[in-house]
Structures are given as structure tokens and as C-alpha cells.
file query33.tsv (TSV, C-alpha atoms and all ligand atoms)
chain	number	residue	atom	x	y	z
A	687	MET	CA	0.00	0.00	0.00
A	688	THR	CA	1.21	3.50	-0.76
A	689	VAL	CA	-0.09	6.35	1.34
A	690	GLN	CA	-0.81	9.51	-0.54
A	691	THR	CA	-0.77	12.70	1.52
A	692	ALA	CA	-1.39	16.23	0.33
A	693	GLY	CA	-0.93	15.17	-3.27
A	694	ARG	CA	2.48	13.58	-2.76
A	695	ARG	CA	3.29	9.91	-2.96
A	696	MET	CA	5.00	8.55	0.17
A	697	ARG	CA	6.54	5.20	0.93
A	698	ARG	CA	4.58	2.45	2.57
A	699	GLY	CA	4.31	3.04	6.33
A	700	VAL	CA	4.83	6.79	6.02
A	701	GLU	CA	2.10	9.37	6.45
A	702	ILE	CA	2.43	13.12	6.74
A	703	GLN	CA	-0.17	15.44	8.13
A	704	ASP	CA	0.33	18.93	6.71
A	705	ARG	CA	-0.74	21.89	8.83
A	706	ILE	CA	1.58	24.31	7.01
A	707	GLY	CA	0.54	23.85	3.38
A	708	SER	CA	-3.04	24.53	4.36
A	709	SER	CA	-2.29	27.87	6.07
A	710	ARG	CA	-2.70	30.98	3.94
A	711	LYS	CA	0.53	32.19	2.34
A	712	GLU	CA	-0.46	35.84	3.02
A	713	ASP	CA	-0.78	35.12	6.76
A	714	THR	CA	2.65	33.51	6.87
A	715	ALA	CA	4.10	36.43	4.86
A	716	ALA	CA	2.48	38.95	7.21
A	717	ARG	CA	4.14	37.22	10.17
A	718	ALA	CA	7.52	37.33	8.43
A	719	LEU	CA	7.12	41.05	7.70
A	720	GLU	CA	5.69	42.22	11.01
A	721	GLY	CA	9.07	42.75	12.63
A	722	LEU	CA	10.52	44.75	9.74
A	723	LEU	CA	8.53	47.94	9.96
A	724	GLY	CA	9.49	49.34	13.37
A	725	SER	CA	12.86	50.45	14.70
A	726	ASP	CA	13.66	47.20	16.52
A	727	LYS	CA	13.88	45.01	13.39
A	728	HIS	CA	13.58	41.25	13.63
A	729	ILE	CA	12.52	38.16	11.69
A	730	SER	CA	11.45	35.04	13.60
A	731	SER	CA	14.04	32.25	13.36
A	732	GLU	CA	11.36	29.80	12.18
A	733	PHE	CA	11.77	31.49	8.76
A	734	PHE	CA	15.29	30.06	8.39
A	735	TYR	CA	13.88	26.69	7.58
A	736	ASP	CA	12.72	26.31	4.03
A	737	ARG	CA	14.03	23.42	1.90
A	738	HIS	CA	17.29	25.27	1.32
A	739	GLY	CA	17.71	26.55	4.89
A	740	SER	CA	17.28	23.07	6.37
A	741	ARG	CA	20.03	21.79	4.09
A	742	ILE	CA	22.37	24.62	5.11
A	743	PHE	CA	21.63	23.85	8.76
A	744	GLU	CA	22.69	20.23	8.12
A	745	GLU	CA	25.98	21.60	6.73
A	746	ILE	CA	26.39	23.61	9.96
A	747	THR	CA	26.00	20.45	12.03
A	748	ARG	CA	29.05	18.97	10.26
A	749	LEU	CA	31.33	21.96	10.90
A	750	PRO	CA	34.30	21.42	13.23
A	751	GLU	CA	33.39	24.58	15.18
A	752	TYR	CA	29.81	23.38	15.80
A	753	TYR	CA	30.52	21.15	18.80
A	754	LEU	CA	26.81	21.04	19.72
A	755	ASN	CA	25.81	18.38	17.22
A	756	ARG	CA	28.78	16.06	17.80
A	757	THR	CA	28.52	16.28	21.56
A	758	GLU	CA	24.79	15.69	21.69
A	759	LYS	CA	25.06	12.71	19.32
A	760	GLU	CA	27.56	11.08	21.69
A	761	LEU	CA	25.16	11.59	24.57
A	762	ILE	CA	22.24	10.18	22.58
A	763	ALA	CA	24.29	7.10	21.70
A	764	GLU	CA	25.02	6.62	25.41
A	765	ALA	CA	21.42	7.24	26.44
A	766	GLY	CA	20.23	4.90	23.69
A	767	ILE	CA	21.88	1.98	25.45
A	768	ARG	CA	19.67	2.66	28.48
A	769	PHE	CA	16.46	3.45	26.60
A	770	ALA	CA	16.37	1.62	23.35
A	771	ASP	CA	14.20	-1.28	24.31
A	772	GLY	CA	11.87	1.02	26.21
A	773	LEU	CA	10.82	2.18	22.75
A	774	CYS	CA	8.78	-1.00	22.38
A	775	GLY	CA	5.21	-0.07	21.51
A	776	ALA	CA	5.85	3.63	22.11
A	777	ASP	CA	5.06	6.75	20.11
A	778	ILE	CA	8.33	8.65	19.72
A	779	VAL	CA	7.44	12.31	19.21
A	780	GLU	CA	10.35	14.48	18.04
A	781	LEU	CA	9.87	18.25	17.94
A	782	GLY	CA	11.97	20.17	15.39
A	783	SER	CA	13.14	16.84	13.98
A	784	GLY	CA	15.17	18.27	11.05
A	785	ASP	CA	17.19	15.51	9.39
A	786	SER	CA	16.21	12.98	12.13
A	787	SER	CA	19.85	11.89	12.33
A	788	LYS	CA	19.74	11.96	16.13
A	789	ILE	CA	16.68	9.75	16.49
A	790	SER	CA	18.31	7.45	13.98
A	791	ILE	CA	21.18	6.84	16.44
A	792	PHE	CA	18.65	6.09	19.12
A	793	LEU	CA	16.68	3.72	16.91
A	794	GLY	CA	19.89	2.00	15.89
A	795	ARG	CA	20.36	0.92	19.52
A	796	ALA	CA	16.95	-0.76	19.65
A	797	SER	CA	16.08	-4.25	18.47
A	798	ARG	CA	14.21	-4.72	15.20
A	799	GLY	CA	11.23	-5.91	17.22
A	800	ALA	CA	11.19	-2.75	19.35
A	801	ARG	CA	11.37	-0.60	16.23
A	802	ALA	CA	8.61	-2.56	14.52
A	803	SER	CA	6.24	-1.95	17.42
A	804	ALA	CA	7.14	1.74	17.82
A	805	ARG	CA	5.90	4.65	15.77
A	806	TYR	CA	7.98	7.75	15.00
A	807	LEU	CA	6.23	11.14	14.87
A	808	PRO	CA	8.55	13.89	13.61
A	809	VAL	CA	7.15	17.42	13.98
A	810	ASP	CA	8.81	20.13	11.92
A	811	ILE	CA	7.91	23.43	10.33
A	812	ASP	CA	9.72	22.34	7.16
A	813	ARG	CA	7.72	19.60	5.44
A	814	SER	CA	10.58	18.85	3.03
A	815	ALA	CA	12.84	17.95	5.98
A	816	ILE	CA	10.23	15.43	7.22
A	817	GLU	CA	9.92	13.91	3.75
A	818	ARG	CA	13.67	13.52	3.29
A	819	SER	CA	14.30	12.17	6.75
A	820	ALA	CA	11.39	9.70	6.46
A	821	ARG	CA	12.95	8.39	3.26
A	822	ASP	CA	16.35	7.94	4.95
A	823	LEU	CA	14.90	6.31	8.05
A	824	LYS	CA	12.81	3.90	5.98
A	825	GLN	CA	15.93	2.86	4.11
A	826	ASN	CA	17.70	1.97	7.36
A	827	TYR	CA	14.69	0.75	9.32
A	828	PRO	CA	11.98	-0.45	6.90
A	829	GLU	CA	9.96	-1.86	9.82
A	830	LEU	CA	9.47	1.57	11.43
A	831	ARG	CA	6.12	3.34	11.01
A	832	ILE	CA	6.37	7.08	10.53
A	833	TYR	CA	3.65	9.63	11.06
A	834	GLY	CA	5.05	13.08	10.31
A	835	ILE	CA	3.40	16.34	11.26
A	836	ALA	CA	4.38	19.45	9.30
A	837	ALA	CA	3.51	22.15	11.80
A	838	ASP	CA	4.93	24.60	14.29
A	839	PHE	CA	5.57	23.27	17.80
A	840	SER	CA	2.21	24.30	19.13
A	841	GLY	CA	0.24	23.00	16.11
A	842	GLY	CA	2.27	19.78	16.24
A	843	LEU	CA	1.34	19.11	19.85
A	844	GLU	CA	-2.31	19.74	19.03
A	845	ALA	CA	-2.16	17.38	16.05
A	846	LEU	CA	-0.77	14.38	17.93
A	847	PRO	CA	-2.90	11.25	17.73
A	848	PRO	CA	-4.74	10.36	20.96
A	849	PRO	CA	-2.37	9.09	23.67
A	850	GLU	CA	-3.26	5.43	23.38
A	851	ARG	CA	0.38	4.38	23.57
A	852	ARG	CA	3.26	5.32	25.80
A	853	ARG	CA	5.01	8.44	24.53
A	854	VAL	CA	8.67	9.36	24.42
A	855	PHE	CA	9.12	13.05	23.59
A	856	CYS	CA	12.44	14.21	22.12
A	857	PHE	CA	13.59	17.78	21.61
A	858	PHE	CA	17.19	17.87	20.47
A	859	GLY	CA	19.70	20.38	19.11
A	860	SER	CA	19.13	22.89	21.94
A	861	THR	CA	16.29	24.15	19.74
A	862	LEU	CA	14.44	25.10	22.94
A	863	GLY	CA	17.13	27.78	23.33
A	864	ASN	CA	15.84	29.57	20.22
A	865	LEU	CA	12.79	30.64	22.21
A	866	LEU	CA	12.79	33.48	24.71
A	867	ARG	CA	13.04	32.05	28.24
A	868	PRO	CA	9.36	32.55	29.20
A	869	ALA	CA	8.19	30.98	25.91
A	870	ALA	CA	10.62	28.08	26.44
A	871	LEU	CA	9.17	27.45	29.90
A	872	GLU	CA	5.64	27.51	28.49
A	873	LEU	CA	6.51	25.11	25.66
A	874	VAL	CA	8.05	22.58	28.07
A	875	ARG	CA	4.97	22.94	30.27
A	876	ARG	CA	2.77	22.20	27.24
A	877	ILE	CA	4.81	19.14	26.36
A	878	ALA	CA	4.53	18.00	29.99
A	879	GLY	CA	0.77	18.56	29.70
A	880	SER	CA	0.70	16.03	26.83
A	881	MET	CA	2.55	13.46	28.96
A	882	ARG	CA	0.99	10.79	31.14
A	883	GLU	CA	2.59	8.80	33.93
A	884	GLY	CA	5.27	6.55	32.44
A	885	ASP	CA	5.94	8.87	29.49
A	886	GLU	CA	9.45	10.23	29.05
A	887	PHE	CA	11.05	13.33	27.61
A	888	LEU	CA	14.61	13.67	26.32
A	889	LEU	CA	15.67	17.31	26.07
A	890	GLY	CA	19.04	18.42	24.66
A	891	LEU	CA	20.41	21.74	25.96
A	892	ASP	CA	23.61	23.62	25.19
A	893	MET	CA	25.28	24.81	28.37
A	894	VAL	CA	26.84	28.18	29.29
A	895	LYS	CA	30.56	28.08	28.61
A	896	GLU	CA	33.50	30.23	27.59
A	897	LYS	CA	32.48	33.04	25.23
A	898	SER	CA	35.17	32.28	22.62
A	899	ILE	CA	33.98	28.67	22.18
A	900	LEU	CA	30.36	29.80	21.82
A	901	GLU	CA	31.16	32.59	19.38
A	902	ARG	CA	33.33	30.32	17.22
A	903	ALA	CA	30.41	27.89	16.84
A	904	TYR	CA	28.29	30.63	15.24
A	905	ASN	CA	31.08	32.27	13.19
A	906	ASP	CA	32.61	29.34	11.32
A	907	GLY	CA	35.62	29.82	9.09
A	908	ALA	CA	33.88	28.45	5.98
A	909	GLY	CA	31.05	31.01	6.21
A	910	VAL	CA	28.26	28.41	6.33
A	911	THR	CA	26.48	30.13	9.22
A	912	ARG	CA	26.68	33.42	7.32
A	913	ARG	CA	24.96	31.70	4.35
A	914	PHE	CA	22.34	30.24	6.70
A	915	ASN	CA	21.67	33.65	8.25
A	916	ARG	CA	21.37	35.43	4.91
A	917	ASN	CA	19.06	32.71	3.54
A	918	ILE	CA	16.30	34.03	5.81
A	919	LEU	CA	16.00	37.03	3.47
A	920	LYS	CA	15.52	34.70	0.49
A	921	VAL	CA	12.71	32.99	2.40
A	922	VAL	CA	11.09	36.39	3.10
A	923	ASN	CA	11.53	37.36	-0.58
A	924	ALA	CA	9.79	34.17	-1.70
A	925	LEU	CA	6.92	34.64	0.76
A	926	ALA	CA	6.37	38.39	0.51
A	927	GLY	CA	7.78	39.40	-2.87
A	928	THR	CA	10.37	41.68	-1.24
A	929	GLY	CA	13.59	42.26	-3.13
A	930	PHE	CA	16.16	41.95	-0.33
A	931	ASP	CA	19.69	41.41	-1.61
A	932	PRO	CA	21.27	39.13	1.03
A	933	ALA	CA	24.78	40.14	-0.09
A	934	LYS	CA	24.08	43.65	1.22
A	935	PHE	CA	24.04	42.32	4.79
A	936	ARG	CA	26.86	41.34	7.14
A	937	HIS	CA	26.49	38.28	9.37
A	938	LEU	CA	26.89	39.10	13.08
A	939	ALA	CA	26.79	36.59	15.93
A	940	PHE	CA	28.01	37.35	19.45
A	941	TYR	CA	27.49	36.22	23.03
A	942	ASN	CA	25.31	38.37	25.26
A	943	LYS	CA	26.57	37.37	28.70
A	944	ARG	CA	23.78	39.05	30.64
A	945	GLU	CA	21.11	37.07	28.78
A	946	ALA	CA	23.35	33.99	28.41
A	947	ARG	CA	22.63	33.73	24.71
A	948	ILE	CA	24.17	33.99	21.28
A	949	GLU	CA	22.41	36.70	19.30
A	950	MET	CA	22.48	36.63	15.54
A	951	TYR	CA	21.84	39.62	13.30
A	952	LEU	CA	22.05	40.76	9.68
A	953	GLU	CA	23.62	44.22	9.49
A	954	ALA	CA	22.92	46.41	6.46
A	955	ARG	CA	26.03	47.52	4.57
A	956	GLU	CA	24.09	50.44	3.07
A	957	GLN	CA	20.78	52.28	3.36
A	958	MET	CA	17.95	50.58	1.41
A	959	THR	CA	14.24	50.83	0.70
A	960	VAL	CA	12.40	47.59	0.07
A	961	SER	CA	8.80	47.31	-1.09
A	962	THR	CA	6.30	44.46	-1.12
A	963	PRO	CA	2.87	44.20	-2.74
A	964	LEU	CA	1.59	43.17	0.73
A	965	LEU	CA	2.36	46.49	2.48
A	966	LYS	CA	1.49	50.02	1.51
A	967	ASP	CA	4.56	51.38	3.33
A	968	ASP	CA	8.10	50.63	2.20
A	969	ILE	CA	10.55	48.93	4.55
A	970	ILE	CA	13.38	51.38	5.18
A	971	ILE	CA	16.67	50.06	6.47
A	972	ARG	CA	19.47	52.43	7.46
A	973	GLU	CA	23.16	51.75	6.89
A	974	GLU	CA	24.46	49.58	9.78
A	975	GLU	CA	20.92	48.90	11.04
A	976	ARG	CA	20.53	45.35	12.33
A	977	ILE	CA	17.82	42.77	11.79
A	978	HIS	CA	17.72	40.34	14.70
A	979	THR	CA	17.30	36.82	13.29
A	980	GLU	CA	18.03	34.39	16.12
A	981	ASN	CA	18.66	33.89	19.82
A	982	SER	CA	20.35	30.72	21.03
A	983	HIS	CA	20.00	30.70	24.78
A	984	LYS	CA	22.49	28.70	26.81
A	985	PHE	CA	21.62	26.89	30.01
A	986	THR	CA	22.92	26.32	33.54
A	987	LYS	CA	21.98	23.85	36.24
A	988	ARG	CA	19.69	26.53	37.67
A	989	HIS	CA	17.84	26.87	34.33
A	990	ILE	CA	17.44	23.10	34.15
A	991	GLU	CA	15.91	22.98	37.63
A	992	GLU	CA	13.65	25.91	36.79
A	993	ILE	CA	12.43	24.27	33.55
A	994	SER	CA	11.67	20.91	35.16
A	995	SER	CA	9.96	22.32	38.23
A	996	TYR	CA	7.88	24.83	36.19
A	997	ALA	CA	6.69	21.99	33.97
A	998	GLY	CA	6.09	19.58	36.85
A	999	LEU	CA	8.61	17.05	35.56
A	1000	ASP	CA	11.10	14.95	37.50
A	1001	ILE	CA	14.71	14.87	36.37
A	1002	ALA	CA	15.35	11.14	36.08
A	1003	GLY	CA	18.89	11.70	34.84
A	1004	ILE	CA	21.25	14.08	33.07
A	1005	PHE	CA	23.69	12.78	30.47
A	1006	THR	CA	26.60	15.13	29.99
A	1007	ASP	CA	30.03	15.07	28.35
A	1008	LYS	CA	33.36	15.32	30.20
A	1009	ARG	CA	33.62	19.06	29.55
A	1010	LYS	CA	29.97	19.61	30.57
A	1011	TRP	CA	29.35	21.50	27.34
A	1012	PHE	CA	26.01	19.88	26.56
A	1013	SER	CA	23.29	18.21	28.63
A	1014	LEU	CA	20.73	15.64	27.61
A	1015	LEU	CA	17.98	15.68	30.21
A	1016	TRP	CA	15.88	12.64	30.87
A	1017	LEU	CA	12.60	13.91	32.28
A	1018	LYS	CA	9.59	12.02	33.56
A	1019	LYS	CA	6.10	13.02	34.44
A	1020	LYS	CA	5.78	13.39	38.21
A	1021	ALA	CA	3.73	10.53	39.63
A	1022	LEU	CA	0.29	11.58	40.92
A	1023	LYS	CA	0.16	11.39	44.70
A	1101	LIG	C1	18.28	23.94	15.30
A	1101	LIG	S1	17.43	22.89	14.16
A	1101	LIG	C2	17.62	21.33	14.97
A	1101	LIG	C3	17.37	20.15	14.07
A	1101	LIG	C4	17.58	18.78	14.74
A	1101	LIG	N1	16.65	18.56	15.83
A	1101	LIG	C5	18.99	18.67	15.26
A	1101	LIG	O1	19.16	18.61	16.48
A	1101	LIG	O2	19.92	18.65	14.44
A	1101	LIG	C6	15.76	23.34	14.50
A	1101	LIG	C7	14.70	22.48	13.80
A	1101	LIG	O3	13.41	22.90	14.28
A	1101	LIG	C8	12.57	23.26	13.20
A	1101	LIG	N2	11.80	24.43	13.66
A	1101	LIG	C9	12.26	25.68	13.89
A	1101	LIG	N3	11.28	26.47	14.37
A	1101	LIG	C10	10.18	25.67	14.46
A	1101	LIG	C11	8.85	25.89	14.93
A	1101	LIG	N4	8.46	27.09	15.38
A	1101	LIG	N5	7.99	24.84	14.91
A	1101	LIG	C12	8.38	23.60	14.43
A	1101	LIG	N6	9.63	23.35	13.98
A	1101	LIG	C13	10.51	24.37	14.00
A	1101	LIG	C14	13.48	23.57	12.03
A	1101	LIG	O4	12.86	23.35	10.78
A	1101	LIG	C15	14.66	22.64	12.29
A	1101	LIG	O5	14.49	21.39	11.69

call {"tool": "encode", "arguments": {"input": "query33.tsv", "output": "C-alpha cells"}}
result
Amino acid sequence: MTVQTAGRRMRRGVEIQDRIGSSRKEDTAARALEGLLGSDKHISSEFFYDRHGSRIFEEITRLPEYYLNRTEKELIAEAGIRFADGLCGADIVELGSGDSSKISIFLGRASRGARASARYLPVDIDRSAIERSARDLKQNYPELRIYGIAADFSGGLEALPPPERRRVFCFFGSTLGNLLRPAALELVRRIAGSMREGDEFLLGLDMVKEKSILERAYNDGAGVTRRFNRNILKVVNALAGTGFDPAKFRHLAFYNKREARIEMYLEAREQMTVSTPLLKDDIIIREEERIHTENSHKFTKRHIEEISSYAGLDIAGIFTDKRKWFSLLWLKKKALK
């Protein structure tokens, strides 16, 4: 049997529910533009991830400077030894699944039988990333059932099938750190709200460390992160018909110690006026004006305790590397008294 979803032919055992394709393009464009009219210019980091942006992000994960990916993968391999057979009969929900290469490590530690009885539910704003990763996973693990959800985090949680099976939530890549701290707390609380006793949650977080190591990770020598950052303007152009020339912007990424986060900006090399058929006013950008494109918050033990207690989750364990650069939290729903 071949499952056909949203007009595209998928492999047997793969289904994708699309909550992005059905939203109005003008609404998405309006959201992309809303931060460009005032003085404090910004574009939400979710707009990095079109087909092209997801591929550039995968290139970032292979950079020598980008220790996050390597370190977390080692921790997942270690955690996998403990968890793998607990996947039996479970729904594995991964938020911001990207290329699914991390869950693949995890699945590789499980027996074929455990994989055959589990179901993988990747949730990502970029449908093309779900399609590609489903293809790769099916090649390695043909027995795995995949039910993808193309949606933002909130829509993805709403679209989950009823909790008839045990759930293992995964949120890797320190993607939680891309949200402002209050929004991050709320998202973890929502995930916890979808959990029942016995469910588990694996959360990967990048830890506070020396500024030079952090800044190097977001300013690689090959300029891949610069390409990734500038690609957001191409996404906005495609959505809103703006004529931004990405080459007219410098890539800036630096550590804000007070907020414990890397901030990423595009800085205009010259003054420009950009119009779009969707707005009656032009977007005016001054020379050296910055567009804020991403925050990557870093975490401490105190943040970890705050997140788990706010969400009502127990910390069952923390996997960390020798240098304590990255933490993989193993969280459980608190038992009802
Ligand atoms: C930093 S990447 C991490 C990818 C992968 N989890 C990893 O660790 O390599 C963030 C991922 O989350 C997705 N994403 C970003 N914002 C999102 C949102 N608001 N809702 C759903 N997915 C989102 C992106 O498409 C991307 O795949």
C-alpha cells in the first residue's frame, strides 16, 4: 500500500499530516514582515527553515566549530543503550526533527522488534525535511512506522494522535534555546501537559561556557552560518515578494553574557528601501541597522531545575560530556500522589 498525503506519494508506512501547506501564504508572509517595519527590526528564526535553509543547517552540524551536534550525538548514543528497548510499543514524538539523524542513532540501539512496534512522529515546520528524513529512516529501518506532522511546535502538539500508547518526547539540538526564556518554559509545560505517567522526555540543551567557544560555533571559518543567516532574506523574498539582496548584509553573531545567549543579526552595509505588494509602506533600512534573526539561549543547572519544576517534571537523569558542554535531560512526568 502507498499512502498519498497532500498530493504527494509517500513510501509504505509513512504518512504526513500537513498543517503548514493549508495555512494561507499571506498570513505567513504577514508574520515574516511584522518585525521589519518598526525600529527594533527582527525576523522570527522559524523562517530560516525552508528546503534550502534546512540543508544549510545540516551543513552547519558537520562543521568542526559546531561542537553542539557532535557532543549531543555522543550523549544520545550513550542514552540509547539505556532506553532503546523502552521504545517497544511507544510513540516517539520528536519536535523540530530536522534531518532525524539523532533519532536514527537512538533507533539503531533498539532491536528490530522494538522498532517494529514503535511509531515515529517527527514534527517540523519544514515539510521537506520530514519527507527527506522519512525516506532515509525507511531505508535503514523499513519496519518503522512514521507519522510526520508538518507544523509549528504548538500545532504539532495539538495534532498528535490520541495518547493510546506510551510516549517518548524528544527535543534535540538545543532548539528550545531559540525561544525566549518565558516561551521556552511555556513550551516545556505544554509538552509535559501532553505526557501521562510513564511517558518520558529527552531534552538536549547547550550549556553556558566560555564566550570564545560559543562565538566560534556561530562564526565558522567556511562562512556556512553566514549563508544560513542570509538565507532568511531569500525565504522572506519568496513569501512576501520583497527584493532583499542578502549580499548587502553582514552576518553578526556574538554572546550576550547578561542574557546567556548567542544573538544573531544581519547588518545592512548600506541604506535601502524595500517594497512588497503586501504592504502600503516601504521597509526602510538604514546603513548599519541590524535585523535580529536568532537567539540561542544557553543553560545552567539553575535553568534546568527551573524548567523541570515549572513543567512539573522529575529529572530522572542528566547525560553530559566530560567538559559539561552539553546536557541531555531525561525527564519524567511526576507521579500523581
Ligand atoms: C536547530 S534545528 C535542529 C534540528 C535537529 N533537531 C537537530 O538537532 O539537528 C531546529 C529544527 O526545528 C525546526 N523548527 C524551527 N522552528 C520551528 C517551529 N516554530 N515549529 C516547528 N519546527 C521548527 C526547524 O525546521 C529545524 O528542523

call {"tool": "closest_residue", "arguments": {"input": "query33.tsv", "among": "A:Pro849, A:Gly699, A:Gly863, A:Gly724", "to": "ligand LIG 1101 (chain A)", "atoms": "only C-alpha atoms and all ligand atoms"}}
result
A:Gly863

call {"tool": "axis_aligned_box", "arguments": {"input": "query33.tsv", "around": "ligand LIG 1101 (chain A)", "padding_each_side": "3 Å", "output": "lines of an AutoDock Vina configuration file"}}
result
center_x = 14.0
center_y = 22.8
center_z = 13.6
size_x = 17.9
size_y = 14.5
size_z = 11.7

call {"tool": "closest_residue", "arguments": {"input": "query33.tsv", "among": "A:Asp822, A:Leu999, A:Asp812, A:Gly775", "to": "A:Gly879", "atoms": "all atoms listed in the file"}}
result
A:Leu999

call {"tool": "residues_near_ligand", "arguments": {"input": "query33.tsv", "ligand": "ligand LIG 1101 (chain A)", "cutoff": "6 Å", "atoms": "all atoms listed in the file", "output": "PDB file with C-alpha atoms, keeping the file's coordinate frame"}}
result
ATOM      1  CA  GLU A 732      11.360  29.800  12.180  1.00  0.00           C
ATOM      2  CA  TYR A 735      13.880  26.690   7.580  1.00  0.00           C
ATOM      3  CA  GLY A 782      11.970  20.170  15.390  1.00  0.00           C
ATOM      4  CA  SER A 783      13.140  16.840  13.980  1.00  0.00           C
ATOM      5  CA  GLY A 784      15.170  18.270  11.050  1.00  0.00           C
ATOM      6  CA  ASP A 810       8.810  20.130  11.920  1.00  0.00           C
ATOM      7  CA  ILE A 811       7.910  23.430  10.330  1.00  0.00           C
ATOM      8  CA  ASP A 812       9.720  22.340   7.160  1.00  0.00           C
ATOM      9  CA  ALA A 837       3.510  22.150  11.800  1.00  0.00           C
ATOM     10  CA  ASP A 838       4.930  24.600  14.290  1.00  0.00           C
ATOM     11  CA  PHE A 839       5.570  23.270  17.800  1.00  0.00           C
ATOM     12  CA  PHE A 858      17.190  17.870  20.470  1.00  0.00           C
ATOM     13  CA  GLY A 859      19.700  20.380  19.110  1.00  0.00           C
ATOM     14  CA  THR A 861      16.290  24.150  19.740  1.00  0.00           C
TER      15      THR A 861
END

call {"tool": "closest_residue", "arguments": {"input": "query33.tsv", "among": "A:Thr928, A:Asn981, A:Ser860, A:Ser786", "to": "A:Ile948", "atoms": "all atoms listed in the file"}}
result
A:Asn981

call {"tool": "atom_distance", "arguments": {"input": "query33.tsv", "atom1": "atom CA of A:Gly909", "atom2": "atom CA of A:Glu975"}}
result
21.1 Å

call {"tool": "closest_residue", "arguments": {"input": "query33.tsv", "among": "A:Arg818, A:Lys727, A:Arg853, A:Lys711", "to": "A:Arg972", "atoms": "all atoms listed in the file"}}
result
A:Lys727

call {"tool": "build_atoms", "arguments": {"input": "query33.tsv", "residues": "stretch 955-966 of chain A", "atoms": "N, CA and C atoms", "output": "compact mmCIF listing (two decimals), in the frame of the given file"}}
result
# COMPACT_ATOMS: atom_id res chain seq x y z
N ARG A 955 24.78 46.84 4.97
CA ARG A 955 26.03 47.52 4.57
C ARG A 955 25.72 48.91 4.04
N GLU A 956 24.47 49.14 3.63
CA GLU A 956 24.09 50.44 3.07
C GLU A 956 22.61 50.69 3.35
N GLN A 957 22.21 51.93 3.18
CA GLN A 957 20.78 52.28 3.36
C GLN A 957 19.99 51.64 2.22
N MET A 958 18.78 51.14 2.49
CA MET A 958 17.95 50.58 1.41
C MET A 958 16.46 50.75 1.68
N THR A 959 15.71 50.76 0.60
CA THR A 959 14.24 50.83 0.70
C THR A 959 13.71 49.61 -0.04
N VAL A 960 12.89 48.84 0.65
CA VAL A 960 12.40 47.59 0.07
C VAL A 960 10.87 47.64 0.08
N SER A 961 10.27 47.28 -1.05
CA SER A 961 8.80 47.31 -1.09
C SER A 961 8.25 45.90 -1.29
N THR A 962 6.98 45.73 -0.92
CA THR A 962 6.30 44.46 -1.12
C THR A 962 4.85 44.77 -1.47
N PRO A 963 4.28 43.97 -2.39
CA PRO A 963 2.87 44.20 -2.74
C PRO A 963 1.94 44.03 -1.53
N LEU A 964 2.45 43.45 -0.43
CA LEU A 964 1.59 43.17 0.73
C LEU A 964 1.50 44.34 1.70
N LEU A 965 2.38 45.35 1.54
CA LEU A 965 2.36 46.49 2.48
C LEU A 965 2.29 47.79 1.70
N LYS A 966 1.52 48.75 2.24
CA LYS A 966 1.49 50.02 1.51
C LYS A 966 2.74 50.84 1.81
